[in-house]
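Okay, target_17.txt now, which holds compact mmCIF, C-alpha atoms:
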```
# COMPACT_ATOMS: atom_id res chain seq x y z
CA MET A 690 -59.23 -39.79 -6.55
CA THR A 691 -55.99 -41.48 -5.51
CA PHE A 692 -54.84 -38.20 -3.89
CA ILE A 693 -58.11 -38.01 -1.91
CA ALA A 694 -57.71 -41.57 -0.82
CA LEU A 695 -54.18 -40.96 0.34
CA ALA A 696 -55.24 -37.89 2.20
CA LEU A 697 -58.01 -39.83 3.94
CA GLY A 698 -55.60 -42.61 4.82
CA ALA A 699 -57.35 -45.19 2.61
CA VAL A 700 -54.39 -46.35 0.53
CA PRO A 701 -55.34 -48.85 -2.15
CA GLU A 702 -52.98 -51.71 -2.82
CA SER A 703 -52.20 -50.39 -6.30
CA ALA A 704 -50.90 -47.13 -4.81
CA VAL A 705 -48.24 -48.66 -2.48
CA LEU A 706 -44.69 -47.82 -3.69
CA ASN A 707 -42.36 -50.77 -4.11
CA PRO A 708 -38.91 -50.69 -2.36
CA SER A 709 -36.96 -49.91 -5.55
CA GLN A 710 -39.12 -46.85 -6.24
CA VAL A 711 -38.69 -45.64 -2.66
CA ASP A 712 -34.89 -45.90 -3.00
CA LEU A 713 -34.97 -44.06 -6.28
CA ASP A 714 -37.10 -41.27 -4.87
CA ARG A 715 -34.81 -40.99 -1.87
CA THR A 716 -31.76 -40.78 -4.12
CA VAL A 717 -33.37 -38.12 -6.26
CA ALA A 718 -34.28 -36.16 -3.13
CA GLU A 719 -30.71 -36.41 -1.88
CA LEU A 720 -29.40 -35.30 -5.24
CA ASN A 721 -31.84 -32.41 -5.19
CA GLN A 722 -30.65 -31.50 -1.72
CA LEU A 723 -27.05 -31.74 -2.88
CA HIS A 724 -27.87 -29.55 -5.85
CA GLN A 725 -29.55 -27.06 -3.55
CA TRP A 726 -26.60 -27.31 -1.13
CA LEU A 727 -24.16 -26.63 -3.93
CA GLY A 728 -26.25 -23.66 -4.94
CA ASP A 729 -26.12 -22.30 -1.40
CA ALA A 730 -22.39 -22.93 -1.34
CA ALA A 731 -21.95 -21.02 -4.56
CA VAL A 732 -23.93 -18.14 -3.11
CA GLN A 733 -21.81 -18.28 0.04
CA LEU A 734 -18.59 -18.30 -1.96
CA GLU A 735 -19.83 -15.41 -4.06
CA ALA A 736 -20.67 -13.45 -0.91
CA LEU A 737 -17.24 -14.20 0.55
CA GLN A 738 -15.53 -13.18 -2.70
CA THR A 739 -17.48 -9.93 -2.68
CA LYS A 740 -16.45 -9.28 0.92
CA LEU A 741 -12.88 -10.16 0.03
CA ARG A 742 -12.81 -7.74 -2.86
CA LYS A 743 -14.16 -4.95 -0.66
CA ALA A 744 -11.61 -5.80 2.03
CA ASP A 745 -8.79 -5.78 -0.52
CA ALA A 746 -9.96 -2.41 -1.86
CA SER A 747 -10.21 -0.95 1.64
CA ILE A 748 -6.74 -2.19 2.56
CA SER A 749 -5.35 -0.84 -0.71
CA SER A 750 -6.78 2.61 0.06
CA LEU A 751 -5.47 2.50 3.62
CA VAL A 752 -2.01 1.45 2.46
CA ALA A 753 -1.91 4.38 0.02
CA ALA A 754 -3.19 6.81 2.66
CA THR A 755 -0.74 5.49 5.25
CA THR A 756 2.13 5.81 2.81
CA GLN A 757 1.15 9.42 2.05
CA THR A 758 0.84 10.24 5.76
CA SER A 759 4.24 8.67 6.44
CA THR A 760 5.72 10.79 3.65
CA ASN A 761 4.08 13.92 5.10
CA LEU A 762 5.47 13.03 8.51
CA ILE A 763 8.97 12.61 7.10
CA ASN A 764 8.70 15.96 5.31
CA THR A 765 7.48 17.68 8.47
CA THR A 766 10.31 16.13 10.49
CA ALA A 767 12.82 17.37 7.92
CA ALA A 768 11.29 20.87 8.05
CA ILE A 769 11.51 20.88 11.86
CA GLU A 770 15.17 19.83 11.73
CA ILE A 771 15.91 22.67 9.27
CA LEU A 772 14.14 25.17 11.52
CA GLU A 773 16.02 23.89 14.58
CA ARG A 774 19.33 24.37 12.80
CA GLN A 775 18.21 27.82 11.66
CA ARG A 776 17.29 28.74 15.21
CA THR A 777 20.71 27.61 16.44
CA ARG A 778 22.43 29.69 13.75
CA LEU A 779 20.31 32.74 14.59
CA GLU A 780 21.08 32.36 18.28
CA GLY A 781 24.78 32.35 17.48
CA ARG A 782 24.37 35.34 15.17
CA ARG A 783 22.46 37.25 17.84
CA GLU A 784 25.17 36.66 20.40
CA LEU A 785 27.92 37.83 18.04
CA GLN A 786 25.94 40.93 17.09
CA ALA A 787 25.29 41.76 20.73
CA LYS A 788 28.99 41.49 21.51
CA LYS A 789 29.80 43.72 18.54
CA ILE A 790 27.40 46.37 19.84
CA ALA A 791 28.72 46.11 23.38
CA VAL A 792 32.26 46.81 22.21
CA HIS A 793 31.13 50.35 21.28
CA LEU A 794 29.61 51.05 24.65
CA ARG A 795 31.30 52.54 27.62
CA GLN A 796 31.31 50.72 30.87
CA ALA A 797 29.45 53.67 32.31
CA TYR A 798 26.23 52.89 30.57
CA LYS A 799 24.53 50.47 32.93
CA LEU A 800 20.92 49.85 33.78
CA SER A 801 19.91 48.49 37.14
CA GLY A 802 23.37 47.10 37.66
CA GLN A 803 23.27 45.03 34.46
CA ASP A 804 25.60 45.68 31.52
CA PHE A 805 24.08 46.43 28.13
CA LEU A 806 25.30 43.15 26.56
CA LYS A 807 23.41 41.08 29.08
CA LEU A 808 20.37 43.27 28.61
CA LEU A 809 20.47 42.79 24.85
CA LEU A 810 20.73 39.03 25.17
CA LEU A 811 17.66 39.02 27.37
CA GLN A 812 15.57 40.67 24.68
CA GLU A 813 13.68 38.27 22.42
CA ASN A 814 10.83 40.53 21.37
CA PRO A 815 11.54 43.10 18.60
CA ASP A 816 9.09 45.63 20.10
CA THR A 817 10.74 45.51 23.52
CA PHE A 818 14.08 45.88 21.81
CA ASP A 819 12.84 48.97 19.94
CA ARG A 820 11.82 50.63 23.21
CA LEU A 821 15.23 49.89 24.67
CA ILE A 822 17.01 51.48 21.69
CA ARG A 823 14.81 54.56 21.81
CA TYR A 824 15.70 54.93 25.49
CA HIS A 825 19.40 54.77 24.61
CA GLY A 826 19.37 57.28 21.76
CA TYR A 827 23.07 58.00 21.80
CA PHE A 828 24.15 55.51 19.16
CA SER A 829 25.95 56.60 16.03
CA ARG A 830 24.82 55.66 12.53
CA ALA A 831 27.17 52.66 12.46
CA ARG A 832 25.90 51.52 15.79
CA LYS A 833 22.32 52.00 14.64
CA GLU A 834 23.01 49.78 11.63
CA ALA A 835 24.42 47.13 13.94
CA LEU A 836 21.36 47.42 16.12
CA GLN A 837 19.09 47.12 13.06
CA GLU A 838 20.83 43.89 12.09
CA TYR A 839 20.32 42.71 15.62
CA ARG A 840 16.64 43.56 15.46
CA SER A 841 16.31 41.69 12.14
CA THR A 842 17.86 38.67 13.79
CA LEU A 843 15.33 38.88 16.60
CA THR A 844 12.50 39.05 14.05
CA LEU A 845 13.84 35.99 12.23
CA MET A 846 14.14 34.15 15.53
CA GLU A 847 10.57 35.02 16.42
CA ASN A 848 9.31 33.86 13.00
CA THR A 849 11.35 30.66 13.33
CA ALA A 850 9.90 29.97 16.76
CA THR A 851 6.36 30.51 15.40
CA GLU A 852 7.04 28.22 12.43
CA LEU A 853 8.50 25.58 14.75
CA GLU A 854 5.38 25.72 16.90
CA THR A 855 3.17 25.35 13.82
CA ARG A 856 5.24 22.49 12.45
CA GLY A 857 5.28 20.79 15.85
CA ALA A 858 1.49 20.89 16.02
CA GLU A 859 1.30 19.62 12.45
CA TYR A 860 3.65 16.77 13.32
CA GLU A 861 1.51 15.74 16.28
CA ARG A 862 -1.62 15.83 14.10
CA GLN A 863 -0.01 13.76 11.35
CA GLU A 864 1.34 11.31 13.90
CA GLU A 865 -2.15 10.83 15.30
CA VAL A 866 -3.57 10.36 11.79
CA LEU A 867 -0.87 7.78 11.07
CA ARG A 868 -1.59 5.89 14.29
CA THR A 869 -5.30 5.86 13.48
CA ARG A 870 -4.74 4.63 9.93
CA LEU A 871 -2.27 1.96 11.00
CA SER A 872 -4.74 0.75 13.62
CA LYS A 873 -7.51 0.67 11.02
CA LEU A 874 -5.20 -1.16 8.63
CA ARG A 875 -4.49 -3.82 11.25
CA GLU A 876 -8.22 -4.22 11.87
CA GLU A 877 -8.95 -4.52 8.14
CA ARG A 878 -6.22 -7.12 7.71
CA LEU A 879 -7.55 -9.16 10.63
CA ALA A 880 -11.05 -8.97 9.16
CA ARG A 881 -9.73 -10.04 5.77
CA LYS A 882 -7.84 -12.90 7.40
CA GLU A 883 -11.15 -14.18 8.80
CA ILE A 884 -12.76 -13.89 5.35
CA ILE A 885 -9.85 -15.82 3.82
CA SER A 886 -10.18 -18.48 6.51
CA ASN A 887 -13.90 -18.84 5.80
CA LEU A 888 -13.30 -18.90 2.07
CA THR A 889 -10.58 -21.54 2.39
CA HIS A 890 -12.83 -23.60 4.65
CA GLU A 891 -15.70 -23.46 2.19
CA ILE A 892 -13.51 -24.42 -0.77
CA LYS A 893 -11.75 -27.28 1.03
CA ASP A 894 -14.97 -28.64 2.46
CA LYS A 895 -16.53 -28.74 -1.00
CA GLY A 896 -13.46 -30.28 -2.56
CA SER A 897 -13.40 -27.58 -5.21
CA VAL A 898 -9.81 -26.34 -5.01
CA ARG A 899 -9.01 -27.68 -8.44
CA ASP A 900 -12.17 -26.25 -9.95
CA LYS A 901 -11.42 -22.83 -8.44
CA LEU A 902 -7.84 -22.82 -9.76
CA ALA A 903 -9.02 -24.01 -13.15
CA LEU A 904 -11.53 -21.16 -13.29
CA ASP A 905 -8.82 -18.76 -12.19
CA ARG A 906 -6.68 -19.98 -15.08
CA VAL A 907 -9.51 -19.53 -17.57
CA ARG A 908 -10.10 -16.08 -16.15
CA ILE A 909 -6.48 -14.96 -16.56
CA GLU A 910 -6.18 -16.54 -20.00
CA THR A 911 -9.27 -14.67 -21.17
CA LEU A 912 -7.94 -11.42 -19.77
CA LEU A 913 -4.51 -11.86 -21.37
CA ALA A 914 -6.07 -12.73 -24.72
CA LYS A 915 -8.04 -9.49 -24.50
CA LEU A 916 -4.95 -7.51 -23.56
CA ALA A 917 -2.95 -9.06 -26.41
CA GLN A 918 -5.31 -7.35 -28.87
CA GLN A 919 -3.96 -3.96 -27.82
CA ASN A 920 -1.20 -2.41 -29.89
CA SER A 921 2.15 -1.80 -28.21
CA THR A 922 4.71 0.76 -29.32
CA LEU A 923 7.55 -1.28 -27.79
CA ASP A 924 9.41 -3.75 -29.98
CA GLY A 925 10.29 -5.91 -26.95
CA SER A 926 13.98 -6.25 -27.81
CA LEU A 927 15.16 -4.51 -24.64
CA PHE A 928 13.19 -6.90 -22.46
CA ALA A 929 14.14 -9.98 -24.49
CA ASN A 930 17.86 -9.10 -24.37
CA ALA A 931 17.71 -8.79 -20.59
CA LYS A 932 16.67 -12.42 -20.11
CA GLY A 933 18.54 -13.94 -17.18
CA GLN A 934 19.50 -10.50 -15.85
CA LEU A 935 16.20 -9.01 -14.68
CA ASP A 936 16.02 -7.79 -11.10
CA TRP A 937 13.62 -9.63 -8.81
CA PRO A 938 10.27 -7.87 -8.42
CA VAL A 939 10.32 -8.17 -4.64
CA GLN A 940 12.77 -9.11 -1.92
CA GLY A 941 11.68 -12.25 -0.11
CA LYS A 942 11.74 -16.04 0.04
CA LEU A 943 10.97 -18.12 -3.03
CA THR A 944 8.14 -20.30 -1.75
CA TYR A 945 6.65 -21.85 -4.90
CA ARG A 946 8.47 -22.44 -8.17
CA PHE A 947 7.20 -22.53 -11.72
CA GLY A 948 5.82 -25.97 -12.59
CA GLU A 949 5.41 -27.18 -9.00
CA PRO A 950 2.18 -29.12 -8.43
CA ARG A 951 -0.95 -27.51 -7.04
CA ALA A 952 -4.26 -28.95 -5.81
CA GLY A 953 -2.86 -32.40 -5.19
CA GLY A 954 -0.80 -32.49 -8.37
CA ARG A 955 -3.65 -31.98 -10.81
CA LEU A 956 -2.49 -28.44 -11.65
CA SER A 957 0.82 -26.64 -11.52
CA TRP A 958 2.13 -23.18 -10.72
CA GLU A 959 2.37 -21.04 -13.84
CA GLY A 960 4.56 -18.50 -12.10
CA ILE A 961 6.48 -18.14 -8.84
CA TYR A 962 5.37 -17.09 -5.39
CA VAL A 963 7.74 -15.02 -3.25
CA THR A 964 6.84 -14.71 0.42
CA ALA A 965 7.46 -11.18 1.70
CA PRO A 966 6.10 -8.89 4.44
CA SER A 967 2.97 -6.89 3.67
CA GLY A 968 3.88 -3.55 2.18
CA SER A 969 7.15 -4.70 0.62
CA ALA A 970 7.97 -2.73 -2.53
CA VAL A 971 7.07 -4.48 -5.79
CA THR A 972 9.09 -3.19 -8.73
CA ALA A 973 8.78 -3.57 -12.49
CA VAL A 974 11.29 -6.07 -13.87
CA GLY A 975 11.59 -4.17 -17.13
CA ARG A 976 10.51 -1.08 -19.01
CA GLY A 977 6.96 -1.22 -20.29
CA GLN A 978 3.41 0.03 -20.09
CA VAL A 979 0.84 -0.92 -17.47
CA VAL A 980 -2.06 -2.52 -19.32
CA PHE A 981 -3.99 -3.82 -16.30
CA SER A 982 -4.15 -2.51 -12.75
CA ASP A 983 -7.20 -3.80 -10.91
CA TRP A 984 -8.68 -6.59 -8.83
CA LEU A 985 -9.16 -9.97 -10.52
CA ARG A 986 -10.71 -12.95 -8.81
CA GLY A 987 -8.08 -15.52 -7.99
CA PHE A 988 -5.25 -12.99 -8.31
CA GLY A 989 -6.40 -10.17 -6.06
CA LEU A 990 -4.94 -6.76 -6.81
CA LEU A 991 -3.05 -7.39 -10.03
CA THR A 992 -0.73 -5.34 -12.23
CA ILE A 993 0.18 -6.48 -15.75
CA ILE A 994 2.97 -4.76 -17.68
CA ASP A 995 3.38 -5.04 -21.44
CA HIS A 996 7.05 -5.10 -22.46
CA GLY A 997 6.39 -5.29 -26.20
CA ASN A 998 6.28 -8.10 -28.75
CA ASN A 999 3.74 -10.10 -26.71
CA GLN A 1000 5.95 -10.14 -23.61
CA MET A 1001 4.17 -9.44 -20.33
CA SER A 1002 4.93 -9.60 -16.62
CA LEU A 1003 2.22 -10.17 -13.99
CA TYR A 1004 2.27 -9.08 -10.34
CA GLY A 1005 -0.54 -10.53 -8.23
CA PHE A 1006 -1.81 -10.77 -4.63
CA CYS A 1007 -0.70 -7.17 -3.98
CA ASP A 1008 -2.02 -5.05 -1.12
CA SER A 1009 -1.91 -1.82 -3.12
CA LEU A 1010 -1.42 -0.79 -6.75
CA ILE A 1011 0.61 2.36 -7.31
CA ARG A 1012 0.58 2.66 -11.09
CA ARG A 1013 -2.53 2.79 -13.26
CA ASN A 1014 -3.57 1.63 -16.71
CA GLY A 1015 -1.60 3.40 -19.41
CA ASP A 1016 1.30 4.40 -17.15
CA TRP A 1017 4.81 3.91 -18.50
CA VAL A 1018 7.27 2.41 -16.05
CA GLU A 1019 10.99 1.86 -16.02
CA SER A 1020 12.87 -1.16 -14.71
CA GLY A 1021 13.10 -1.00 -10.92
CA GLU A 1022 10.23 1.46 -10.55
CA ILE A 1023 7.77 0.68 -7.75
CA VAL A 1024 4.40 -0.39 -9.14
CA ALA A 1025 2.72 -2.01 -6.13
CA SER A 1026 3.19 -3.35 -2.62
CA ALA A 1027 3.21 -7.02 -1.68
CA GLY A 1028 0.31 -8.37 0.31
CA GLN A 1029 -2.42 -10.93 0.69
CA SER A 1030 -5.24 -9.85 -1.60
CA GLY A 1031 -7.33 -12.35 -3.50
CA GLY A 1032 -7.73 -14.71 -0.56
CA GLN A 1033 -4.17 -15.91 0.00
CA ASP A 1034 -3.07 -17.41 3.30
CA LEU A 1035 0.49 -16.12 2.80
CA THR A 1036 1.71 -12.58 2.30
CA GLY A 1037 3.94 -11.88 -0.67
CA LEU A 1038 3.84 -11.63 -4.45
CA TYR A 1039 2.73 -13.92 -7.25
CA PHE A 1040 4.82 -13.27 -10.36
CA GLU A 1041 4.44 -14.53 -13.92
CA ILE A 1042 6.14 -13.87 -17.24
CA ARG A 1043 4.09 -14.54 -20.34
CA ILE A 1044 5.56 -14.84 -23.82
CA LYS A 1045 2.96 -14.75 -26.59
CA GLY A 1046 0.35 -15.52 -23.95
CA GLN A 1047 2.11 -18.64 -22.67
CA PRO A 1048 3.53 -18.87 -19.15
CA THR A 1049 7.30 -19.29 -19.00
CA ASN A 1050 9.62 -19.97 -16.10
CA PRO A 1051 10.35 -16.58 -14.47
CA LEU A 1052 13.55 -17.97 -12.93
CA ALA A 1053 15.02 -18.21 -16.42
CA TRP A 1054 14.50 -14.47 -16.77
CA LEU A 1055 15.47 -13.24 -13.33
CA ALA A 1056 19.07 -12.76 -12.24
CA THR A 1057 20.54 -15.54 -10.13
CA ARG A 1058 20.69 -14.68 -6.47
```

If you convert what's in this file into structure tokens, what do you get?
Amino acid sequence: MTFIALALGAVPESAVLNPSQVDLDRTVAELNQLHQWLGDAAVQLEALQTKLRKADASISSLVAATTQTSTNLINTTAAIEILERQRTRLEGRRELQAKKIAVHLRQAYKLSGQDFLKLLLLQENPDTFDRLIRYHGYFSRARKEALQEYRSTLTLMENTATELETRGAEYERQEEVLRTRLSKLREERLARKEIISNLTHEIKDKGSVRDKLALDRVRIETLLAKLAQQNSTLDGSLFANAKGQLDWPVQGKLTYRFGEPRAGGRLSWEGIYVTAPSGSAVTAVGRGQVVFSDWLRGFGLLTIIDHGNNQMSLYGFCDSLIRRNGDWVESGEIVASAGQSGGQDLTGLYFEIRIKGQPTNPLAWLATR
């Protein structure tokens, strides 16, 4: 009945809300809106993280493809250089052989006012050369052998020229593929930069930087605890004995040190961050086995190497991962390339060393530079 009365506009005195109740209802509504807003924000962040992961994966594939194309281009260039040198040598050989043949000829044998040496040097086609020899059938056996060598040289020159043409076309094709992939890579990186900007904006606006980093820490701790359950065949002594002498995993500028504050001083860096150009080689700091090579939220494309006896090194924010789970690597071997995956606003490498699951200062392990 009260609902009918309210609907008809006849509000009885007993149904009028007092001011304190109105304030309470308003507060609850605002809290509900905030809860709903936080839910939308979480959905937005999740969508951005999903986009980021796809962007990181796409860039990783493009980096690998670009690297392979660059290698193919280098190999083709080397092949062309070899063929060019071969052609130069064959040209010299042909000239010497022609002179050798001409020595045996009398000055009387001329054709259209041109001496035979000049005529030989003008011949580049083996078939044309054969017709010329048949026309001049006066050569002795020795001279015929010299002419056969000359013909073989012409054949090699013709094959070399054909191979050079093929390689040249291949070079142009590979160069075009490389340009296309590099252009696509630039586009993907720009798109990812926008995603990172949006992600950073969302996190900062919600004041959840600390919460995100804390979740990232829980995430990596859980992963490492899982990895620690695996058995390692390394005793870890080689890695432990190299403390203070390990090569740096990447060449660049040390931007953040172990223990420096993060998120307004509430958290701290558990590793180091080295700023370096995208694509910079990331190398293993010691011999070990790759136990993780994948994308992890908060760390982007991440490689973890087990060095034995619960000693691990972590390489995060990479743009591409070269080695896979189970691969054995030696110290100094390239395992990834530096980058900006995982939503970082800087390009470079995040590096940790864990001893029995606990983060330790990497600078105490790396060689002084």

Counting only C-alpha atoms, find the residues whose atoms lie at most 10 Å from (24.3, -12.8, -8.9) (file coordinates) and write them out as a list in words. Gln934, Asp936, Leu1055, Ala1056, Thr1057 and Arg1058 of chain A

Computed gap from atom CA of A:Gly960 to atom CA of A:Ala753 is 26.7 Å

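Here atom CA of A:Thr755 and atom CA of A:Leu990 stand 17.7 Å from one another.
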
Neighbours of A:Leu762 within 12 Å (only C-alpha atoms; same-chain residues fewer than 6 positions away dropped), as number ranges by chain? A: 755-756, 768-769, 856-868

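Nearest-residue note for A:Arg906: choosing from A:Ile884, A:Ala929, A:Leu985, A:Leu843, the minimum distance belongs to A:Leu985, counting all atoms listed in the file.
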
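Here atom CA of A:Ile748 and atom CA of A:Ser1009 stand 7.5 Å from one another.
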
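The shortest atom-to-atom distance to A:Ser750, with all atoms listed in the file taken into account, belongs to A:Leu871 out of A:Val963, A:Ile1044, A:Leu935, A:Leu871.
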
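Using all atoms listed in the file for every distance, the candidate list A:Ser921, A:Arg986, A:Gly977, A:Glu1022 yields A:Arg986 as the residue closest to A:Leu904.
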
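Using all atoms listed in the file, the nearest neighbour of A:Lys743 within the list A:Pro1051, A:Gly781, A:Gly1015, A:Gly989 is A:Gly989.
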
Please determine, counting all atoms listed in the file, which residue among A:Asp900, A:Ile909, A:Trp937, A:Gln919 has the shortest atom-to-atom distance to A:Arg951. A:Asp900

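With distances taken over all atoms listed in the file, A:Gln918 is the one residue among A:Thr844, A:Gln918, A:Ser967, A:Ser1030 lying closest to A:Val980.
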
Using all atoms of stretch 990-997 of chain A listed in the file and a margin of 8 Å per side, can you give the axis-aligned box centre and edge lengths in Å to one decimal, as lines of an AutoDock Vina configuration file?
```
center_x = 1.1
center_y = -6.1
center_z = -16.5
size_x = 28.0
size_y = 18.6
size_z = 35.4
```

I'd like the neighbourhood of A:Tyr945 as JSON, numbers by chain, where a residue qualifies if any of its atoms comes within 12 Å (using all atoms listed in the file), though same-chain residues fewer than 6 positions away should be ignored. {"A": [951, 957, 958, 959, 960, 961, 962, 963, 964, 1035, 1037, 1038, 1039, 1040, 1041, 1050, 1051, 1052]}

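Taking only C-alpha atoms into account, the residues near (4.6, -0.1, -19.4), no farther than 9 Å, are Leu923, Ala973, Gly975, Arg976, Gly977, Gln978, Val979, Val980, Ile993, Ile994, Asp995, His996, Gly997, Asn1014, Gly1015, Asp1016, Trp1017, Val1018 and Glu1019 of chain A.
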